[in-house]
>>> print(open('input.csv').read())   # CSV, C-alpha atoms
chain,number,residue,atom,x,y,z
R,1,MET,CA,55.0,-5.9,67.2
R,2,PRO,CA,55.6,-2.7,65.2
R,3,ALA,CA,55.2,0.5,67.0
R,4,ARG,CA,52.9,3.0,65.5
R,5,GLU,CA,53.5,6.7,65.6
R,6,ALA,CA,50.0,7.9,65.9
R,7,PRO,CA,50.1,11.4,67.4
R,8,GLY,CA,47.4,12.2,69.9
R,9,ASP,CA,45.3,9.1,69.6
R,10,SER,CA,43.4,9.2,72.8
R,11,ARG,CA,40.7,6.7,71.8
R,12,ASN,CA,38.1,9.1,72.9
R,13,GLY,CA,35.4,8.5,70.3
R,14,GLU,CA,36.4,11.4,68.1
R,15,VAL,CA,35.0,11.1,64.5
R,16,LEU,CA,37.7,9.8,62.1
R,17,LEU,CA,35.7,9.2,59.0
R,18,SER,CA,32.3,10.5,58.0
R,19,LEU,CA,30.2,10.0,54.8
R,20,HIS,CA,27.4,12.4,54.3
R,21,ARG,CA,24.6,11.3,52.0
R,22,VAL,CA,26.9,9.7,49.5
R,23,SER,CA,25.5,8.4,46.2
R,24,LEU,CA,27.1,6.8,43.2
R,25,ALA,CA,25.6,5.1,40.1
R,26,PHE,CA,27.1,3.2,37.3
R,27,GLY,CA,24.7,3.7,34.4
R,28,HIS,CA,21.3,2.4,35.7
R,29,ILE,CA,22.9,0.6,38.7
R,30,GLN,CA,22.7,2.6,41.9
R,31,ALA,CA,25.8,1.3,43.7
R,32,LEU,CA,25.4,3.7,46.7
R,33,ASP,CA,22.2,5.4,47.5
R,34,ASP,CA,22.3,8.3,50.1
R,35,VAL,CA,24.6,6.5,52.5
R,36,SER,CA,25.7,8.3,55.7
R,37,LEU,CA,28.2,6.7,58.0
R,38,GLU,CA,30.6,7.6,60.8
R,39,VAL,CA,33.7,5.8,62.1
R,40,ARG,CA,35.1,6.9,65.4
R,41,ARG,CA,38.4,6.4,67.2
R,42,GLY,CA,38.5,3.1,69.1
R,43,GLU,CA,36.2,1.2,66.6
R,44,ILE,CA,36.4,-1.8,64.4
R,45,VAL,CA,33.5,-1.2,62.1
R,46,GLY,CA,32.3,-4.3,60.2
R,47,LEU,CA,30.7,-3.7,56.9
R,48,ILE,CA,28.5,-6.5,55.7
R,49,GLY,CA,25.8,-7.2,53.1
R,50,PRO,CA,25.0,-9.5,50.2
R,51,ASN,CA,26.9,-9.5,47.0
R,52,GLY,CA,26.4,-6.3,45.1
R,53,SER,CA,25.3,-4.3,48.1
R,54,GLY,CA,27.9,-1.6,47.7
R,55,LYS,CA,30.5,-2.6,50.3
R,56,THR,CA,33.6,-2.4,48.1
R,57,THR,CA,32.2,0.6,46.2
R,58,LEU,CA,32.0,2.4,49.6
R,59,LEU,CA,35.7,1.6,50.3
R,60,ASN,CA,36.6,2.8,46.8
R,61,VAL,CA,34.8,6.1,47.4
R,62,VAL,CA,36.6,6.6,50.8
R,63,SER,CA,40.0,5.9,49.2
R,64,ASN,CA,38.9,8.1,46.2
R,65,LEU,CA,39.3,5.4,43.5
R,66,TYR,CA,35.7,6.4,42.8
R,67,ARG,CA,34.2,9.9,43.3
R,68,PRO,CA,30.7,10.2,44.5
R,69,GLN,CA,28.1,11.9,42.3
R,70,ARG,CA,26.4,13.4,45.4
R,71,GLY,CA,27.4,13.8,49.0
R,72,ALA,CA,30.8,14.3,50.7
R,73,VAL,CA,33.5,12.3,52.5
R,74,TYR,CA,35.5,13.7,55.4
R,75,PHE,CA,38.5,12.4,57.4
R,76,LEU,CA,39.3,14.2,60.6
R,77,GLY,CA,37.2,17.1,59.4
R,78,GLU,CA,38.9,17.5,56.0
R,79,ARG,CA,37.0,16.8,52.9
R,80,LEU,CA,38.5,13.9,50.9
R,81,ASP,CA,36.5,13.7,47.7
R,82,GLY,CA,38.4,15.5,45.0
R,83,LEU,CA,41.8,14.6,46.4
R,84,ALA,CA,44.1,12.3,44.5
R,85,VAL,CA,44.4,8.7,45.7
R,86,HIS,CA,47.9,9.1,47.1
R,87,GLU,CA,46.8,12.3,48.9
R,88,VAL,CA,44.1,10.3,50.7
R,89,ALA,CA,46.7,7.7,51.7
R,90,ARG,CA,49.1,10.4,53.0
R,91,ARG,CA,46.3,11.8,55.2
R,92,GLY,CA,46.1,8.5,57.1
R,93,ILE,CA,43.8,6.0,55.3
R,94,GLY,CA,45.3,2.6,54.3
R,95,ARG,CA,43.6,0.1,52.1
R,96,THR,CA,43.8,-3.5,51.0
R,97,PHE,CA,41.8,-5.2,48.3
R,98,GLN,CA,39.7,-8.4,47.8
R,99,VAL,CA,42.4,-9.8,45.6
R,100,ALA,CA,45.8,-8.8,46.9
R,101,ARG,CA,47.6,-6.3,44.7
R,102,VAL,CA,51.3,-6.9,45.0
R,103,PHE,CA,54.3,-6.1,42.8
R,104,GLY,CA,54.9,-9.6,41.6
R,105,ARG,CA,58.4,-9.2,40.3
R,106,LEU,CA,59.6,-7.3,43.4
R,107,THR,CA,60.6,-9.1,46.6
R,108,ALA,CA,58.4,-8.9,49.7
R,109,LEU,CA,60.9,-6.4,51.2
R,110,GLN,CA,60.9,-4.3,48.1
R,111,ASN,CA,57.1,-4.3,48.1
R,112,LEU,CA,57.1,-2.6,51.5
R,113,LEU,CA,59.9,-0.1,50.5
R,114,VAL,CA,58.0,1.2,47.5
R,115,PRO,CA,55.4,3.2,49.5
R,116,GLY,CA,57.9,3.7,52.3
R,117,TYR,CA,60.4,5.5,50.1
R,118,THR,CA,57.6,7.4,48.3
R,119,HIS,CA,56.1,8.7,51.5
R,120,GLY,CA,59.5,9.1,53.2
R,121,GLU,CA,60.6,11.6,50.6
R,122,VAL,CA,57.7,13.8,51.6
R,123,ALA,CA,57.8,13.2,55.4
R,124,GLY,CA,61.6,13.4,55.5
R,125,THR,CA,62.1,9.9,56.9
R,126,ALA,CA,65.6,8.5,56.5
R,127,PRO,CA,66.0,5.5,54.2
R,128,ALA,CA,67.6,3.5,57.1
R,129,GLN,CA,64.5,4.1,59.2
R,130,LEU,CA,62.2,3.0,56.4
R,131,ARG,CA,64.2,-0.3,55.9
R,132,ALA,CA,64.1,-0.9,59.7
R,133,ARG,CA,60.3,-0.4,59.7
R,134,ALA,CA,59.9,-2.7,56.7
R,135,TRP,CA,61.9,-5.5,58.5
R,136,GLU,CA,59.8,-4.9,61.6
R,137,LEU,CA,56.6,-5.4,59.7
R,138,LEU,CA,57.9,-8.5,57.9
R,139,ARG,CA,58.7,-10.0,61.3
R,140,PHE,CA,55.3,-9.0,62.7
R,141,PHE,CA,53.5,-10.7,59.9
R,142,ASP,CA,55.8,-13.8,59.9
R,143,LEU,CA,57.1,-12.9,56.5
R,144,GLU,CA,60.8,-12.4,57.4
R,145,GLY,CA,61.7,-15.8,55.8
R,146,VAL,CA,60.4,-14.7,52.4
R,147,ALA,CA,61.7,-11.2,52.5
R,148,HIS,CA,63.9,-11.7,49.4
R,149,VAL,CA,61.3,-13.9,47.5
R,150,PRO,CA,59.5,-12.3,44.6
R,151,ALA,CA,55.9,-11.5,45.8
R,152,GLY,CA,54.4,-13.3,42.8
R,153,GLN,CA,55.8,-16.6,44.2
R,154,LEU,CA,54.1,-16.2,47.5
R,155,SER,CA,50.9,-18.0,48.4
R,156,GLY,CA,47.6,-16.2,48.2
R,157,GLY,CA,47.5,-15.9,52.0
R,158,GLN,CA,51.1,-14.6,52.2
R,159,GLN,CA,50.3,-12.0,49.5
R,160,LYS,CA,47.3,-10.8,51.6
R,161,LEU,CA,49.6,-10.5,54.6
R,162,LEU,CA,52.2,-8.6,52.5
R,163,GLU,CA,49.5,-6.2,51.3
R,164,PHE,CA,48.4,-5.7,54.9
R,165,ALA,CA,52.0,-5.0,55.9
R,166,ARG,CA,52.5,-2.6,53.0
R,167,ALA,CA,49.5,-0.6,54.0
R,168,LEU,CA,51.1,-0.1,57.4
R,169,MET,CA,54.3,1.4,55.9
R,170,LEU,CA,52.5,4.8,55.7
R,171,GLN,CA,51.4,4.5,59.4
R,172,PRO,CA,47.7,5.0,58.8
R,173,ARG,CA,45.2,6.1,61.4
R,174,LEU,CA,42.4,4.1,59.7
R,175,LEU,CA,42.8,0.9,57.7
R,176,LEU,CA,40.2,-0.4,55.2
R,177,LEU,CA,40.4,-4.2,54.8
R,178,ASP,CA,38.3,-5.7,51.9
R,179,GLU,CA,37.7,-9.4,52.4
R,180,PRO,CA,41.0,-10.1,54.1
R,181,PHE,CA,39.9,-13.7,55.1
R,182,ALA,CA,38.5,-14.8,51.7
R,183,GLY,CA,40.3,-17.9,50.4
R,184,VAL,CA,42.9,-18.1,53.2
R,185,HIS,CA,43.7,-21.1,55.4
R,186,PRO,CA,41.9,-21.1,58.8
R,187,LEU,CA,45.2,-20.9,60.7
R,188,LEU,CA,46.2,-17.9,58.6
R,189,LYS,CA,42.8,-16.3,59.3
R,190,GLU,CA,43.4,-16.7,63.0
R,191,ARG,CA,46.8,-15.1,62.6
R,192,MET,CA,45.3,-12.2,60.7
R,193,LEU,CA,42.7,-11.7,63.5
R,194,GLN,CA,45.5,-11.6,66.1
R,195,HIS,CA,47.3,-8.9,64.0
R,196,ILE,CA,44.1,-6.9,63.8
R,197,ALA,CA,43.6,-7.1,67.6
R,198,GLU,CA,47.2,-6.2,68.3
R,199,LEU,CA,47.2,-3.2,65.9
R,200,HIS,CA,43.8,-2.0,67.2
R,201,ALA,CA,45.2,-2.1,70.8
R,202,GLN,CA,48.0,0.1,69.6
R,203,GLY,CA,45.6,2.7,68.3
R,204,LEU,CA,44.8,1.7,64.7
R,205,ASP,CA,41.1,1.7,63.8
R,206,PHE,CA,39.5,-0.4,61.0
R,207,VAL,CA,36.7,-0.7,58.6
R,208,LEU,CA,36.5,-4.4,57.8
R,209,VAL,CA,34.5,-6.0,54.9
R,210,SER,CA,33.8,-9.7,55.0
R,211,HIS,CA,31.2,-12.3,54.2
R,212,ASP,CA,32.3,-14.3,57.2
R,213,LEU,CA,29.5,-13.3,59.5
R,214,PRO,CA,30.6,-15.3,62.6
R,215,THR,CA,34.0,-13.7,62.4
R,216,MET,CA,32.6,-10.3,61.9
R,217,LEU,CA,30.4,-10.7,65.0
R,218,GLY,CA,33.4,-11.6,67.0
R,219,VAL,CA,35.8,-8.9,65.8
R,220,SER,CA,33.6,-5.9,65.1
R,221,SER,CA,32.7,-3.3,67.8
R,222,ARG,CA,29.9,-2.1,65.4
R,223,LEU,CA,28.2,-3.6,62.4
R,224,VAL,CA,26.9,-1.6,59.4
R,225,VAL,CA,24.7,-3.4,56.8
R,226,LEU,CA,24.3,-2.4,53.2
R,227,ALA,CA,21.7,-3.8,50.8
R,228,ASN,CA,21.1,-2.5,47.3
R,229,GLY,CA,23.4,0.4,47.9
R,230,GLN,CA,21.5,1.6,51.0
R,231,LYS,CA,22.4,1.4,54.7
R,232,ILE,CA,19.7,-0.7,56.4
R,233,ALA,CA,21.3,-1.2,59.8
R,234,ASP,CA,24.0,0.2,62.0
R,235,GLY,CA,24.8,-0.7,65.6
R,236,ASP,CA,25.7,-3.3,68.1
R,237,PRO,CA,26.7,-6.5,66.2
R,238,GLU,CA,24.3,-8.9,68.1
R,239,ALA,CA,21.4,-6.4,67.9
R,240,VAL,CA,22.0,-5.8,64.2
R,241,ARG,CA,22.2,-9.5,63.5
R,242,GLN,CA,18.6,-9.9,64.7
R,243,GLU,CA,17.0,-7.0,62.9
R,244,ALA,CA,14.3,-8.2,60.5
R,245,ALA,CA,15.7,-6.2,57.5
R,246,VAL,CA,19.1,-7.7,58.0
R,247,VAL,CA,17.8,-11.3,58.2
R,248,GLU,CA,15.8,-10.7,55.0
R,249,ALA,CA,18.5,-8.9,53.0
R,250,TYR,CA,21.7,-10.4,54.2
R,251,LEU,CA,20.8,-13.9,55.3
R,252,GLY,CA,18.1,-14.4,52.7
R,253,VAL,CA,15.6,-15.7,55.2
>>> encode(input="input.csv", output="structure tokens")
Amino acid sequence: MPAREAPGDSRNGEVLLSLHRVSLAFGHIQALDDVSLEVRRGEIVGLIGPNGSGKTTLLNVVSNLYRPQRGAVYFLGERLDGLAVHEVARRGIGRTFQVARVFGRLTALQNLLVPGYTHGEVAGTAPAQLRARAWELLRFFDLEGVAHVPAGQLSGGQQKLLEFARALMLQPRLLLLDEPFAGVHPLLKERMLQHIAELHAQGLDFVLVSHDLPTMLGVSSRLVVLANGQKIADGDPEAVRQEAAVVEAYLGV
């Protein structure tokens, strides 16, 4: 299990991430409509909703792939919108994608070293330490046996694990996971859930997007529901599940 170097993480409910009245439209499509949201230390926030509800767009706004037309995004009190994507990552927000984005011609080990060396040059981390951390993460995710295999030759599930591991090379304080369980074998999904639980116990917090409602109910400490770009529910998972607006919008009943 890789050790995280998260300074001062007391798990005391301090606000990590906050979105204040964020709106973003693509032409006539309102992807996010006046969305406000907080993520606090010690939370795994599940973000659910029907297709097209704005879940991935919200993650893209947080990681600054998209910039909101109105509103603001803050991380540990610092405003993020307007920063470059790599600057957001360096401040402690990691990200994975619905379809794993790996460097197909590079080996699994090299995939981890790319962000490691880039960040290490800024942080002053020695290359030997970065390689040691990369190997530690490969072992943690059961990828040590494919360390020297080009990432493009790995299975879809292994690529998702590799992207998960690569996000951890920058030692984030908050990790955004977009559909990590989609299309993966049930045994691999259980392994991923174990990794999430272990990392959370070490002090890493999560915003997790998934259409797998039973899994989200089990793993999330809080559920946020989006529909048509608007937040329609936010709270205890079981309570949110039973709200009439959620049943209508998300379950289609």
>>> closest_residue(input="input.csv", among="R:Arg90, R:Arg133, R:Arg21, R:Arg95", to="Leu65 of chain R", atoms="all atoms listed in the file")
R:Arg95
>>> closest_residue(input="input.csv", among="R:Val102, R:Thr56, R:Leu32, R:Arg40", to="Gly71 of chain R", atoms="all atoms listed in the file")
R:Leu32
>>> closest_residue(input="input.csv", among="R:Gly145, R:Pro68, R:Pro150, R:Gly82", to="Ala108 of chain R", atoms="all atoms listed in the file")
R:Pro150
>>> atom_distance(input="input.csv", atom1="atom CA of Gln153 of chain R", atom2="atom CA of His86 of chain R")
27.0 Å
